[in-house]
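Reproduced below: entry17.cif, with mmCIF, C-alpha atoms.
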```cif
data_my_file
loop_
_atom_site.label_atom_id
_atom_site.label_comp_id
_atom_site.auth_asym_id
_atom_site.auth_seq_id
_atom_site.Cartn_x
_atom_site.Cartn_y
_atom_site.Cartn_z
CA MET A 1 -12.33 31.95 -19.06
CA THR A 2 -9.07 30.10 -18.40
CA ASP A 3 -8.75 28.53 -14.95
CA ALA A 4 -6.16 30.23 -12.74
CA LYS A 5 -4.42 26.90 -12.12
CA ILE A 6 -3.63 26.30 -15.79
CA THR A 7 0.15 26.28 -15.47
CA SER A 8 2.83 26.87 -18.08
CA LEU A 9 5.27 24.02 -17.55
CA LYS A 10 9.00 24.19 -18.14
CA ASN A 11 8.54 22.04 -21.26
CA GLY A 12 6.17 24.64 -22.72
CA LYS A 13 2.94 22.72 -22.25
CA LYS A 14 -0.04 24.16 -20.36
CA LEU A 15 -1.69 21.82 -17.86
CA PHE A 16 -4.04 22.19 -14.91
CA VAL A 17 -1.82 21.70 -11.83
CA ASP A 18 -3.32 21.69 -8.34
CA ILE A 19 -1.36 21.71 -5.09
CA TYR A 20 -3.73 20.40 -2.45
CA ASP A 21 -4.54 22.84 0.33
CA GLY A 22 -2.64 22.03 3.50
CA PRO A 23 0.06 23.38 5.81
CA HIS A 24 2.79 22.43 3.32
CA ALA A 25 1.07 23.60 0.12
CA GLU A 26 3.47 26.49 -0.33
CA SER A 27 6.56 24.75 1.03
CA THR A 28 8.94 23.35 -1.55
CA ASP A 29 10.95 21.88 1.32
CA ALA A 30 8.21 19.46 2.35
CA PRO A 31 8.33 15.96 0.82
CA THR A 32 6.29 16.01 -2.38
CA ILE A 33 3.98 13.34 -3.75
CA VAL A 34 2.62 13.69 -7.30
CA PHE A 35 -0.72 12.04 -8.14
CA LEU A 36 -1.58 10.94 -11.69
CA HIS A 37 -5.10 10.00 -12.78
CA GLY A 38 -6.01 7.44 -15.43
CA LEU A 39 -7.60 7.45 -18.87
CA GLY A 40 -10.72 9.62 -19.06
CA SER A 41 -10.39 10.82 -15.48
CA ASN A 42 -9.05 13.99 -13.83
CA THR A 43 -7.63 15.36 -10.59
CA SER A 44 -10.96 14.92 -8.77
CA PHE A 45 -10.33 11.15 -8.78
CA TYR A 46 -8.15 11.74 -5.70
CA GLN A 47 -10.42 14.20 -3.85
CA ALA A 48 -12.06 11.72 -1.48
CA PRO A 49 -8.81 9.91 -0.55
CA PHE A 50 -7.19 13.31 0.09
CA LEU A 51 -10.01 14.24 2.46
CA ALA A 52 -9.54 10.96 4.34
CA SER A 53 -5.73 11.13 4.37
CA SER A 54 -3.30 12.32 7.03
CA LEU A 55 -0.64 13.11 4.41
CA PRO A 56 -1.58 16.80 3.94
CA THR A 57 -0.23 17.42 7.45
CA SER A 58 3.23 16.16 6.50
CA HIS A 59 3.56 16.23 2.70
CA ARG A 60 2.97 18.47 -0.27
CA LEU A 61 0.40 16.79 -2.52
CA VAL A 62 0.47 17.71 -6.21
CA ARG A 63 -2.05 16.50 -8.80
CA TYR A 64 -2.55 17.50 -12.41
CA ASP A 65 -4.75 16.81 -15.40
CA PHE A 66 -3.22 15.06 -18.39
CA ASP A 67 -3.04 16.73 -21.79
CA GLY A 68 -6.65 16.96 -23.01
CA HIS A 69 -8.17 15.73 -19.75
CA GLY A 70 -10.06 17.57 -17.02
CA LEU A 71 -9.21 21.26 -17.18
CA SER A 72 -6.04 20.78 -19.24
CA PRO A 73 -6.51 21.85 -22.86
CA VAL A 74 -5.80 19.56 -25.79
CA SER A 75 -2.29 20.66 -26.72
CA GLY A 76 -2.43 19.51 -30.32
CA GLU A 77 0.81 17.61 -29.82
CA THR A 78 1.05 13.85 -30.28
CA VAL A 79 0.30 12.09 -27.00
CA SER A 80 2.31 9.00 -26.11
CA ILE A 81 3.48 7.28 -22.96
CA ASP A 82 6.83 8.99 -23.49
CA SER A 83 5.24 12.44 -23.85
CA LEU A 84 3.27 11.85 -20.64
CA VAL A 85 6.52 10.84 -18.93
CA GLU A 86 8.06 14.15 -19.97
CA ASP A 87 4.98 16.01 -18.73
CA LEU A 88 5.40 14.35 -15.31
CA LYS A 89 9.05 15.38 -15.22
CA SER A 90 8.11 18.93 -16.16
CA VAL A 91 5.40 19.11 -13.48
CA ILE A 92 7.95 18.03 -10.85
CA GLU A 93 10.38 20.69 -12.06
CA THR A 94 7.72 23.39 -12.34
CA VAL A 95 6.36 22.98 -8.79
CA GLY A 96 9.92 23.20 -7.46
CA ALA A 97 10.00 19.87 -5.64
CA LYS A 98 13.23 19.43 -3.71
CA GLY A 99 14.77 16.01 -3.38
CA LYS A 100 13.15 12.82 -4.57
CA VAL A 101 9.37 12.68 -4.97
CA GLY A 102 6.75 10.04 -4.42
CA VAL A 103 4.41 9.19 -7.28
CA VAL A 104 0.91 7.72 -7.08
CA ALA A 105 -0.55 6.60 -10.41
CA HIS A 106 -3.82 4.99 -11.46
CA SER A 107 -4.49 2.69 -14.41
CA MET A 108 -2.89 4.00 -17.63
CA SER A 109 -0.73 6.40 -15.62
CA GLY A 110 0.76 3.38 -13.86
CA LEU A 111 2.54 2.60 -17.12
CA VAL A 112 3.57 6.26 -17.31
CA ALA A 113 5.01 6.06 -13.79
CA LEU A 114 6.85 2.80 -14.47
CA THR A 115 8.37 4.22 -17.65
CA PHE A 116 9.32 7.35 -15.72
CA ALA A 117 11.00 5.16 -13.10
CA SER A 118 13.05 3.43 -15.79
CA LYS A 119 14.18 6.75 -17.30
CA TYR A 120 14.56 9.04 -14.27
CA PRO A 121 15.23 6.84 -11.22
CA GLU A 122 17.18 9.64 -9.55
CA LEU A 123 13.99 11.69 -9.16
CA LEU A 124 11.92 9.06 -7.34
CA ASP A 125 11.54 8.09 -3.71
CA LYS A 126 8.63 5.62 -3.90
CA LEU A 127 5.91 4.51 -6.32
CA LEU A 128 2.36 3.49 -5.53
CA LEU A 129 0.51 2.05 -8.52
CA ILE A 130 -3.28 1.70 -8.33
CA GLY A 131 -4.62 -0.87 -10.78
CA PRO A 132 -1.76 -0.26 -13.23
CA VAL A 133 -1.66 -1.55 -16.78
CA LYS A 134 1.17 -2.59 -19.08
CA SER A 135 1.46 -2.72 -22.86
CA MET A 136 -1.62 -4.28 -24.41
CA PRO A 137 -2.05 -7.48 -26.39
CA GLU A 138 -3.50 -7.21 -29.88
CA ALA A 139 -7.08 -7.54 -28.63
CA GLY A 140 -6.58 -4.68 -26.18
CA VAL A 141 -5.00 -2.52 -28.87
CA LYS A 142 -8.08 -3.00 -31.04
CA VAL A 143 -10.36 -2.06 -28.14
CA MET A 144 -8.44 1.18 -27.55
CA GLN A 145 -8.44 2.05 -31.23
CA GLY A 146 -12.17 1.37 -31.36
CA ARG A 147 -12.79 3.59 -28.35
CA ALA A 148 -10.83 6.41 -29.94
CA ALA A 149 -13.00 6.17 -33.05
CA THR A 150 -16.20 6.00 -30.99
CA VAL A 151 -15.56 9.12 -28.93
CA ARG A 152 -14.43 11.09 -31.98
CA SER A 153 -17.71 10.28 -33.72
CA SER A 154 -20.13 10.27 -30.79
CA GLY A 155 -18.46 11.89 -27.78
CA LEU A 156 -17.91 10.54 -24.28
CA SER A 157 -21.63 10.04 -23.65
CA ALA A 158 -21.34 6.94 -25.83
CA ILE A 159 -19.10 5.16 -23.30
CA ALA A 160 -19.25 6.93 -19.90
CA SER A 161 -22.01 4.84 -18.31
CA GLN A 162 -20.59 1.62 -19.76
CA ILE A 163 -17.20 2.36 -18.18
CA ALA A 164 -18.83 2.91 -14.79
CA ASN A 165 -20.77 -0.34 -15.04
CA THR A 166 -18.05 -2.64 -16.35
CA ALA A 167 -15.11 -1.38 -14.30
CA THR A 168 -16.63 -1.49 -10.82
CA SER A 169 -17.09 -4.37 -8.42
CA SER A 170 -20.34 -6.22 -7.80
CA TYR A 171 -20.31 -4.77 -4.27
CA THR A 172 -20.05 -1.22 -5.60
CA LYS A 173 -22.85 -1.73 -8.11
CA LYS A 174 -25.14 -3.12 -5.41
CA ASN A 175 -24.27 -0.83 -2.50
CA SER A 176 -22.91 2.43 -3.92
CA PRO A 177 -24.83 3.80 -6.90
CA LEU A 178 -23.25 7.16 -6.10
CA SER A 179 -19.86 5.68 -7.06
CA LEU A 180 -21.14 4.87 -10.54
CA ALA A 181 -22.53 8.38 -10.85
CA ILE A 182 -19.18 9.88 -9.82
CA ILE A 183 -17.28 7.78 -12.36
CA ARG A 184 -19.69 8.89 -15.08
CA ALA A 185 -19.18 12.50 -13.96
CA LEU A 186 -15.39 12.09 -14.15
CA VAL A 187 -15.43 10.55 -17.62
CA LEU A 188 -18.24 12.47 -19.35
CA PRO A 189 -16.67 15.98 -19.56
CA THR A 190 -13.32 14.73 -20.87
CA PRO A 191 -12.63 16.37 -24.24
CA ALA A 192 -13.27 13.75 -26.92
CA GLU A 193 -10.03 14.47 -28.76
CA GLY A 194 -8.02 14.33 -25.53
CA TYR A 195 -9.56 10.98 -24.65
CA ALA A 196 -9.04 9.62 -28.16
CA ARG A 197 -5.37 10.63 -28.19
CA ALA A 198 -4.82 8.96 -24.82
CA CYS A 199 -6.48 5.77 -26.13
CA GLU A 200 -4.08 5.82 -29.07
CA ALA A 201 -1.15 6.40 -26.73
CA LEU A 202 -2.14 3.33 -24.73
CA ALA A 203 -2.71 1.29 -27.89
CA GLY A 204 0.83 2.11 -29.05
CA ALA A 205 2.49 1.74 -25.66
CA LYS A 206 5.60 -0.33 -25.09
CA ASP A 207 6.73 -1.72 -21.75
CA PRO A 208 9.64 -0.06 -19.95
CA ASP A 209 12.95 -1.77 -19.37
CA TRP A 210 11.98 -3.62 -16.21
CA THR A 211 15.63 -4.15 -15.23
CA LYS A 212 16.08 -0.39 -14.79
CA ILE A 213 13.29 0.02 -12.24
CA GLU A 214 14.67 -0.23 -8.72
CA VAL A 215 12.49 2.24 -6.78
CA LYS A 216 10.43 0.81 -3.94
CA THR A 217 7.02 0.09 -5.47
CA LEU A 218 3.61 -0.92 -4.15
CA VAL A 219 1.05 -2.37 -6.58
CA VAL A 220 -2.52 -1.95 -5.36
CA GLY A 221 -4.87 -4.48 -6.92
CA GLY A 222 -8.64 -4.67 -6.75
CA GLU A 223 -10.52 -7.87 -5.95
CA GLU A 224 -12.58 -7.50 -9.15
CA ASP A 225 -10.27 -5.37 -11.30
CA TYR A 226 -10.37 -6.85 -14.79
CA MET A 227 -7.88 -4.25 -16.08
CA CYS A 228 -5.25 -5.19 -13.51
CA SER A 229 -5.75 -8.91 -12.93
CA PRO A 230 -4.00 -10.96 -10.23
CA GLU A 231 -1.79 -12.31 -13.04
CA LEU A 232 -0.71 -8.79 -13.97
CA VAL A 233 -0.07 -7.89 -10.34
CA LYS A 234 2.14 -10.98 -10.05
CA PHE A 235 3.94 -10.10 -13.28
CA LEU A 236 4.77 -6.66 -11.91
CA THR A 237 5.93 -7.87 -8.51
CA ASP A 238 8.07 -10.52 -10.25
CA ASN A 239 9.63 -8.08 -12.71
CA VAL A 240 10.01 -4.88 -10.70
CA LYS A 241 12.91 -5.45 -8.35
CA ASN A 242 11.57 -3.84 -5.17
CA ALA A 243 7.84 -4.30 -5.72
CA SER A 244 5.22 -5.68 -3.36
CA SER A 245 1.44 -5.75 -3.59
CA VAL A 246 -1.81 -5.46 -1.68
CA GLU A 247 -5.35 -6.28 -2.83
CA MET A 248 -8.34 -4.15 -1.92
CA LYS A 249 -11.58 -6.03 -1.20
CA ASP A 250 -14.87 -5.14 -2.92
CA VAL A 251 -13.08 -3.00 -5.53
CA GLY A 252 -13.02 -3.04 -9.32
CA HIS A 253 -10.82 -0.63 -11.27
CA TRP A 254 -11.91 2.68 -9.66
CA HIS A 255 -10.34 2.23 -6.23
CA ALA A 256 -10.39 5.90 -5.19
CA VAL A 257 -14.11 6.15 -5.92
CA GLU A 258 -15.24 2.71 -4.75
CA GLN A 259 -13.28 2.56 -1.46
CA PRO A 260 -11.66 5.99 -0.88
CA VAL A 261 -11.11 5.66 2.86
CA GLU A 262 -9.43 2.27 2.52
CA LEU A 263 -7.26 3.56 -0.31
CA ALA A 264 -6.24 6.56 1.80
CA LYS A 265 -5.08 4.18 4.52
CA VAL A 266 -2.96 2.25 2.00
CA ILE A 267 -1.40 5.44 0.62
CA ASP A 268 -0.76 6.91 4.07
CA GLU A 269 0.95 3.77 5.34
CA TRP A 270 3.12 3.47 2.24
CA PHE A 271 4.44 7.02 2.36
CA THR A 272 4.92 7.26 6.12
CA SER A 273 6.70 3.91 6.55
CA ALA A 274 10.44 3.50 6.14
#
```

Kindly present the structure from the file in structure tokens form.
Amino acid sequence: MTDAKITSLKNGKKLFVDIYDGPHAESTDAPTIVFLHGLGSNTSFYQAPFLASSLPTSHRLVRYDFDGHGLSPVSGETVSIDSLVEDLKSVIETVGAKGKVGVVAHSMSGLVALTFASKYPELLDKLLLIGPVKSMPEAGVKVMQGRAATVRSSGLSAIASQIANTATSSYTKKNSPLSLAIIRALVLPTPAEGYARACEALAGAKDPDWTKIEVKTLVVGGEEDYMCSPELVKFLTDNVKNASSVEMKDVGHWHAVEQPVELAKVIDEWFTSA
């Protein structure tokens, strides 16, 4: 049975699109924020921060599953950072957002959001990037290509627990075993082909034209995030014109799972401040 929230986008693709329940869920006039998950994740990544957030009382919150992730089917089309940028644009158009939108993006989708900002600056109000990545060095490319091959041959069970263990903070591993279980639950049901195609998209990714990104941007780092190191955070704040950063304590790469209430505070403050 196809989920009722599988939505036919204006670009012809079918993706799972969820407008979070709140007083402005049906109002296209309310300010809209679109939330993008990362590689091997899905819309549930944002569930706990949404529950802790005050934004549903003032904003329309839209989240969706990438091509071949979560409840979105594998389209069969080639997946690239550029194709994911066009999917984001089509989601914004399809939900009827009026005016400029905010975008929140985690990990791989941070690169999607930055590329979107370089191509469609007129559509954006603010960006909030959670542990974003940029184009990968050769070693990272080989890791992504290897992951794609692994999940195609063995499925997500071959890597799900490893991801939870390596990408969380020492505090999380010691004090929140439930967080590791949630990460495994997010990753494990991802369609293998959808995950593999996203790995290949990240392996082949190019950086955007940094000089074209002028939207106000907040980079959210994690104290123990090996994917988005302090050096990468500094690179982004140095190269994105209106970027600033914050670092979350006791967090690895899964901020919304490891410290959801603290992340909600960061998101709320960013989108309610001038």

Using all atoms listed in the file, find each residue of stretch 191-244 of chain A with at least one atom at most 10 Å away from an atom of stretch 150-165 of chain A; report its shortest atom-to-atom pair and that distance in Å (one decimal), sort the rows by chain and rising residue number, and return the result as JSON lines.
```
{"residue": "A:Pro191", "atom": "CA", "partner": "A:Leu156", "partner_atom": "CA", "distance": 7.9}
{"residue": "A:Ala192", "atom": "CA", "partner": "A:Val151", "partner_atom": "CA", "distance": 5.5}
{"residue": "A:Glu193", "atom": "CA", "partner": "A:Arg152", "partner_atom": "CA", "distance": 6.4}
{"residue": "A:Gly194", "atom": "CA", "partner": "A:Arg152", "partner_atom": "CA", "distance": 9.7}
{"residue": "A:Tyr195", "atom": "CA", "partner": "A:Val151", "partner_atom": "CA", "distance": 7.6}
{"residue": "A:Ala196", "atom": "CA", "partner": "A:Val151", "partner_atom": "CA", "distance": 6.6}
{"residue": "A:Arg197", "atom": "CA", "partner": "A:Arg152", "partner_atom": "CA", "distance": 9.8}
```

**Request:** Decode the PyMOL selection byres ((chain A and resi 167) around 9) for the given file into explicit residues and return them as a list in words.
**Result:** Gln162, Ile163, Ala164, Asn165, Thr166, Thr168, Ser169, Glu224, Asp225, Tyr226, Met227, Gly252, His253 and Trp254 of chain A

**Request:** For the structure shown, which residues end up in the PyMOL selection byres ((chain A and resi 185) around 12)? Put them as a PyMOL selection string, please?
**Result:** chain A and resi 40-42+44-45+70+156-157+159-161+163-164+178-184+186-190+257

For C-alpha atoms, I'd like the residues from the last selection saved as a tab-separated table (two decimals), in the frame of the given file.
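Once everything was written out, this is result-v5.tsv:
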```tsv
chain	number	residue	atom	x	y	z
A	40	GLY	CA	-10.72	9.62	-19.06
A	41	SER	CA	-10.39	10.82	-15.48
A	42	ASN	CA	-9.05	13.99	-13.83
A	44	SER	CA	-10.96	14.92	-8.77
A	45	PHE	CA	-10.33	11.15	-8.78
A	70	GLY	CA	-10.06	17.57	-17.02
A	156	LEU	CA	-17.91	10.54	-24.28
A	157	SER	CA	-21.63	10.04	-23.65
A	159	ILE	CA	-19.10	5.16	-23.30
A	160	ALA	CA	-19.25	6.93	-19.90
A	161	SER	CA	-22.01	4.84	-18.31
A	163	ILE	CA	-17.20	2.36	-18.18
A	164	ALA	CA	-18.83	2.91	-14.79
A	178	LEU	CA	-23.25	7.16	-6.10
A	179	SER	CA	-19.86	5.68	-7.06
A	180	LEU	CA	-21.14	4.87	-10.54
A	181	ALA	CA	-22.53	8.38	-10.85
A	182	ILE	CA	-19.18	9.88	-9.82
A	183	ILE	CA	-17.28	7.78	-12.36
A	184	ARG	CA	-19.69	8.89	-15.08
A	186	LEU	CA	-15.39	12.09	-14.15
A	187	VAL	CA	-15.43	10.55	-17.62
A	188	LEU	CA	-18.24	12.47	-19.35
A	189	PRO	CA	-16.67	15.98	-19.56
A	190	THR	CA	-13.32	14.73	-20.87
A	257	VAL	CA	-14.11	6.15	-5.92
```

**Message:** Since I can't run it myself right now, could you work out what the PyMOL selection byres ((chain A and resi 90) around 10) selects here and report it as JSON, numbers by chain?
**Reply:** {"A": [8, 9, 10, 11, 12, 13, 84, 85, 86, 87, 88, 89, 91, 92, 93, 94, 95, 96]}

**Asked** Skipping near chain neighbours, those fewer than 2 positions away, what residues fall within 6 Å of A:Lys126 using only C-alpha atoms, listed as a PyMOL selection string?
**Response** chain A and resi 102+124+215-217

**Request:** Give me the residues within 10 Å of A:Glu26 as a VMD selection string, counting all atoms listed in the file and dropping any in the same chain fewer than 5 places off.
**Result:** chain A and resid 19 to 21 60 95

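Proximity ranking of A:Ala205, A:Val266, A:Ala243, A:Met248 relative to A:Glu223 places A:Met248 first, based on all atoms listed in the file.
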
Would you kindly identify which residues have an atom no farther than 12 Å from (-3.4, 16.5, -13.1), using all atoms listed in the file and the file's own coordinates, and write them out as a CSV table (one decimal) with C-alpha atoms, in the frame of the given file?
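So result-v9.csv came out as:
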```csv
chain,number,residue,atom,x,y,z
A,5,LYS,CA,-4.4,26.9,-12.1
A,6,ILE,CA,-3.6,26.3,-15.8
A,7,THR,CA,0.2,26.3,-15.5
A,14,LYS,CA,0.0,24.2,-20.4
A,15,LEU,CA,-1.7,21.8,-17.9
A,16,PHE,CA,-4.0,22.2,-14.9
A,17,VAL,CA,-1.8,21.7,-11.8
A,18,ASP,CA,-3.3,21.7,-8.3
A,19,ILE,CA,-1.4,21.7,-5.1
A,20,TYR,CA,-3.7,20.4,-2.4
A,34,VAL,CA,2.6,13.7,-7.3
A,35,PHE,CA,-0.7,12.0,-8.1
A,36,LEU,CA,-1.6,10.9,-11.7
A,37,HIS,CA,-5.1,10.0,-12.8
A,38,GLY,CA,-6.0,7.4,-15.4
A,39,LEU,CA,-7.6,7.4,-18.9
A,40,GLY,CA,-10.7,9.6,-19.1
A,41,SER,CA,-10.4,10.8,-15.5
A,42,ASN,CA,-9.0,14.0,-13.8
A,43,THR,CA,-7.6,15.4,-10.6
A,44,SER,CA,-11.0,14.9,-8.8
A,45,PHE,CA,-10.3,11.2,-8.8
A,46,TYR,CA,-8.2,11.7,-5.7
A,47,GLN,CA,-10.4,14.2,-3.8
A,61,LEU,CA,0.4,16.8,-2.5
A,62,VAL,CA,0.5,17.7,-6.2
A,63,ARG,CA,-2.0,16.5,-8.8
A,64,TYR,CA,-2.6,17.5,-12.4
A,65,ASP,CA,-4.8,16.8,-15.4
A,66,PHE,CA,-3.2,15.1,-18.4
A,67,ASP,CA,-3.0,16.7,-21.8
A,68,GLY,CA,-6.6,17.0,-23.0
A,69,HIS,CA,-8.2,15.7,-19.8
A,70,GLY,CA,-10.1,17.6,-17.0
A,71,LEU,CA,-9.2,21.3,-17.2
A,72,SER,CA,-6.0,20.8,-19.2
A,73,PRO,CA,-6.5,21.8,-22.9
A,84,LEU,CA,3.3,11.8,-20.6
A,87,ASP,CA,5.0,16.0,-18.7
A,88,LEU,CA,5.4,14.4,-15.3
A,91,VAL,CA,5.4,19.1,-13.5
A,92,ILE,CA,8.0,18.0,-10.8
A,104,VAL,CA,0.9,7.7,-7.1
A,105,ALA,CA,-0.6,6.6,-10.4
A,106,HIS,CA,-3.8,5.0,-11.5
A,109,SER,CA,-0.7,6.4,-15.6
```

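If you measure from each of A:Cys199, A:Leu236, A:Leu111, A:Ala30 to A:Val79 using only C-alpha atoms, the closest one turns out to be A:Cys199.
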
**Request:** Kindly indicate which residue among A:Ala97, A:Val141, A:Ala198, A:Leu218 lies nearest to A:Ile81, using all atoms listed in the file for the distances.
**Result:** A:Ala198

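Here atom CA of A:Lys173 stands at a distance of 18.8 Å from atom CA of A:Glu247.
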
**Complete:** The distance between atom CA of A:Glu200 and atom CA of A:Ala148 is 6.8 Å

Take every atom of stretch 94-107 of chain A listed in the file, fit an axis-aligned box around them, add 3 Å per side, and give the centre and edge lengths in Å to one decimal as lines of an AutoDock Vina configuration file.
```
center_x = 5.1
center_y = 13.0
center_z = -8.9
size_x = 25.3
size_y = 26.7
size_z = 17.0
```

**Message:** Could you list, as a PyMOL selection string, every residue within 9 Å of A:Ala117, counting all atoms listed in the file and ignoring same-chain residues fewer than 4 positions away?
**Reply:** chain A and resi 112-113+121-124+127+208+212-215

Please, could all heavy atoms be added to stretch 116-124 of chain A and the result written as a PDB file, in the frame of the given file?
```
ATOM      1  N   PHE A 116       8.588   6.265 -16.373  1.00  0.00           N
ATOM      2  CA  PHE A 116       9.320   7.350 -15.720  1.00  0.00           C
ATOM      3  C   PHE A 116      10.400   6.790 -14.799  1.00  0.00           C
ATOM      4  O   PHE A 116      11.544   7.270 -14.791  1.00  0.00           O
ATOM      5  CB  PHE A 116       8.339   8.223 -14.938  1.00  0.00           C
ATOM      6  CG  PHE A 116       8.952   9.431 -14.284  1.00  0.00           C
ATOM      7  CD1 PHE A 116       9.045  10.629 -14.960  1.00  0.00           C
ATOM      8  CD2 PHE A 116       9.429   9.359 -12.980  1.00  0.00           C
ATOM      9  CE1 PHE A 116       9.607  11.745 -14.358  1.00  0.00           C
ATOM     10  CE2 PHE A 116       9.993  10.462 -12.364  1.00  0.00           C
ATOM     11  CZ  PHE A 116      10.081  11.659 -13.058  1.00  0.00           C
ATOM     12  N   ALA A 117      10.045   5.764 -14.037  1.00  0.00           N
ATOM     13  CA  ALA A 117      11.000   5.160 -13.100  1.00  0.00           C
ATOM     14  C   ALA A 117      12.191   4.547 -13.823  1.00  0.00           C
ATOM     15  O   ALA A 117      13.313   4.548 -13.302  1.00  0.00           O
ATOM     16  CB  ALA A 117      10.296   4.109 -12.255  1.00  0.00           C
ATOM     17  N   SER A 118      11.951   4.032 -15.028  1.00  0.00           N
ATOM     18  CA  SER A 118      13.050   3.430 -15.790  1.00  0.00           C
ATOM     19  C   SER A 118      13.957   4.490 -16.402  1.00  0.00           C
ATOM     20  O   SER A 118      15.143   4.238 -16.638  1.00  0.00           O
ATOM     21  CB  SER A 118      12.502   2.513 -16.890  1.00  0.00           C
ATOM     22  OG  SER A 118      11.914   3.261 -17.940  1.00  0.00           O
ATOM     23  N   LYS A 119      13.419   5.691 -16.644  1.00  0.00           N
ATOM     24  CA  LYS A 119      14.180   6.750 -17.300  1.00  0.00           C
ATOM     25  C   LYS A 119      14.812   7.743 -16.307  1.00  0.00           C
ATOM     26  O   LYS A 119      15.901   8.263 -16.550  1.00  0.00           O
ATOM     27  CB  LYS A 119      13.288   7.536 -18.258  1.00  0.00           C
ATOM     28  CG  LYS A 119      12.820   6.753 -19.472  1.00  0.00           C
ATOM     29  CD  LYS A 119      11.998   7.601 -20.410  1.00  0.00           C
ATOM     30  CE  LYS A 119      12.833   8.693 -21.091  1.00  0.00           C
ATOM     31  NZ  LYS A 119      12.042   9.430 -22.096  1.00  0.00           N
ATOM     32  N   TYR A 120      14.112   8.010 -15.211  1.00  0.00           N
ATOM     33  CA  TYR A 120      14.560   9.040 -14.270  1.00  0.00           C
ATOM     34  C   TYR A 120      14.551   8.512 -12.826  1.00  0.00           C
ATOM     35  O   TYR A 120      13.908   9.073 -11.944  1.00  0.00           O
ATOM     36  CB  TYR A 120      13.660  10.271 -14.366  1.00  0.00           C
ATOM     37  CG  TYR A 120      13.610  10.893 -15.737  1.00  0.00           C
ATOM     38  CD1 TYR A 120      12.454  10.831 -16.508  1.00  0.00           C
ATOM     39  CD2 TYR A 120      14.731  11.538 -16.274  1.00  0.00           C
ATOM     40  CE1 TYR A 120      12.410  11.398 -17.779  1.00  0.00           C
ATOM     41  CE2 TYR A 120      14.694  12.116 -17.535  1.00  0.00           C
ATOM     42  CZ  TYR A 120      13.534  12.035 -18.281  1.00  0.00           C
ATOM     43  OH  TYR A 120      13.502  12.597 -19.535  1.00  0.00           O
ATOM     44  N   PRO A 121      15.262   7.432 -12.564  1.00  0.00           N
ATOM     45  CA  PRO A 121      15.230   6.840 -11.220  1.00  0.00           C
ATOM     46  C   PRO A 121      15.746   7.789 -10.138  1.00  0.00           C
ATOM     47  O   PRO A 121      15.339   7.684  -8.975  1.00  0.00           O
ATOM     48  CB  PRO A 121      16.136   5.607 -11.360  1.00  0.00           C
ATOM     49  CG  PRO A 121      17.031   5.912 -12.525  1.00  0.00           C
ATOM     50  CD  PRO A 121      16.183   6.710 -13.474  1.00  0.00           C
ATOM     51  N   GLU A 122      16.595   8.716 -10.533  1.00  0.00           N
ATOM     52  CA  GLU A 122      17.180   9.640  -9.550  1.00  0.00           C
ATOM     53  C   GLU A 122      16.160  10.619  -8.978  1.00  0.00           C
ATOM     54  O   GLU A 122      16.419  11.277  -7.961  1.00  0.00           O
ATOM     55  CB  GLU A 122      18.343  10.408 -10.190  1.00  0.00           C
ATOM     56  CG  GLU A 122      17.966  11.465 -11.230  1.00  0.00           C
ATOM     57  CD  GLU A 122      17.660  10.897 -12.615  1.00  0.00           C
ATOM     58  OE1 GLU A 122      17.688   9.664 -12.780  1.00  0.00           O
ATOM     59  OE2 GLU A 122      17.403  11.706 -13.528  1.00  0.00           O
ATOM     60  N   LEU A 123      15.002  10.733  -9.614  1.00  0.00           N
ATOM     61  CA  LEU A 123      13.990  11.690  -9.160  1.00  0.00           C
ATOM     62  C   LEU A 123      12.961  11.081  -8.221  1.00  0.00           C
ATOM     63  O   LEU A 123      12.136  11.798  -7.644  1.00  0.00           O
ATOM     64  CB  LEU A 123      13.250  12.293 -10.369  1.00  0.00           C
ATOM     65  CG  LEU A 123      14.102  13.089 -11.364  1.00  0.00           C
ATOM     66  CD1 LEU A 123      13.230  13.607 -12.505  1.00  0.00           C
ATOM     67  CD2 LEU A 123      14.803  14.242 -10.664  1.00  0.00           C
ATOM     68  N   LEU A 124      12.991   9.750  -8.048  1.00  0.00           N
ATOM     69  CA  LEU A 124      11.920   9.060  -7.340  1.00  0.00           C
ATOM     70  C   LEU A 124      12.326   8.540  -5.968  1.00  0.00           C
ATOM     71  O   LEU A 124      13.419   8.002  -5.786  1.00  0.00           O
ATOM     72  CB  LEU A 124      11.428   7.875  -8.178  1.00  0.00           C
ATOM     73  CG  LEU A 124      10.508   8.202  -9.352  1.00  0.00           C
ATOM     74  CD1 LEU A 124      10.203   6.926 -10.129  1.00  0.00           C
ATOM     75  CD2 LEU A 124       9.221   8.848  -8.879  1.00  0.00           C
TER      76      LEU A 124
END
```
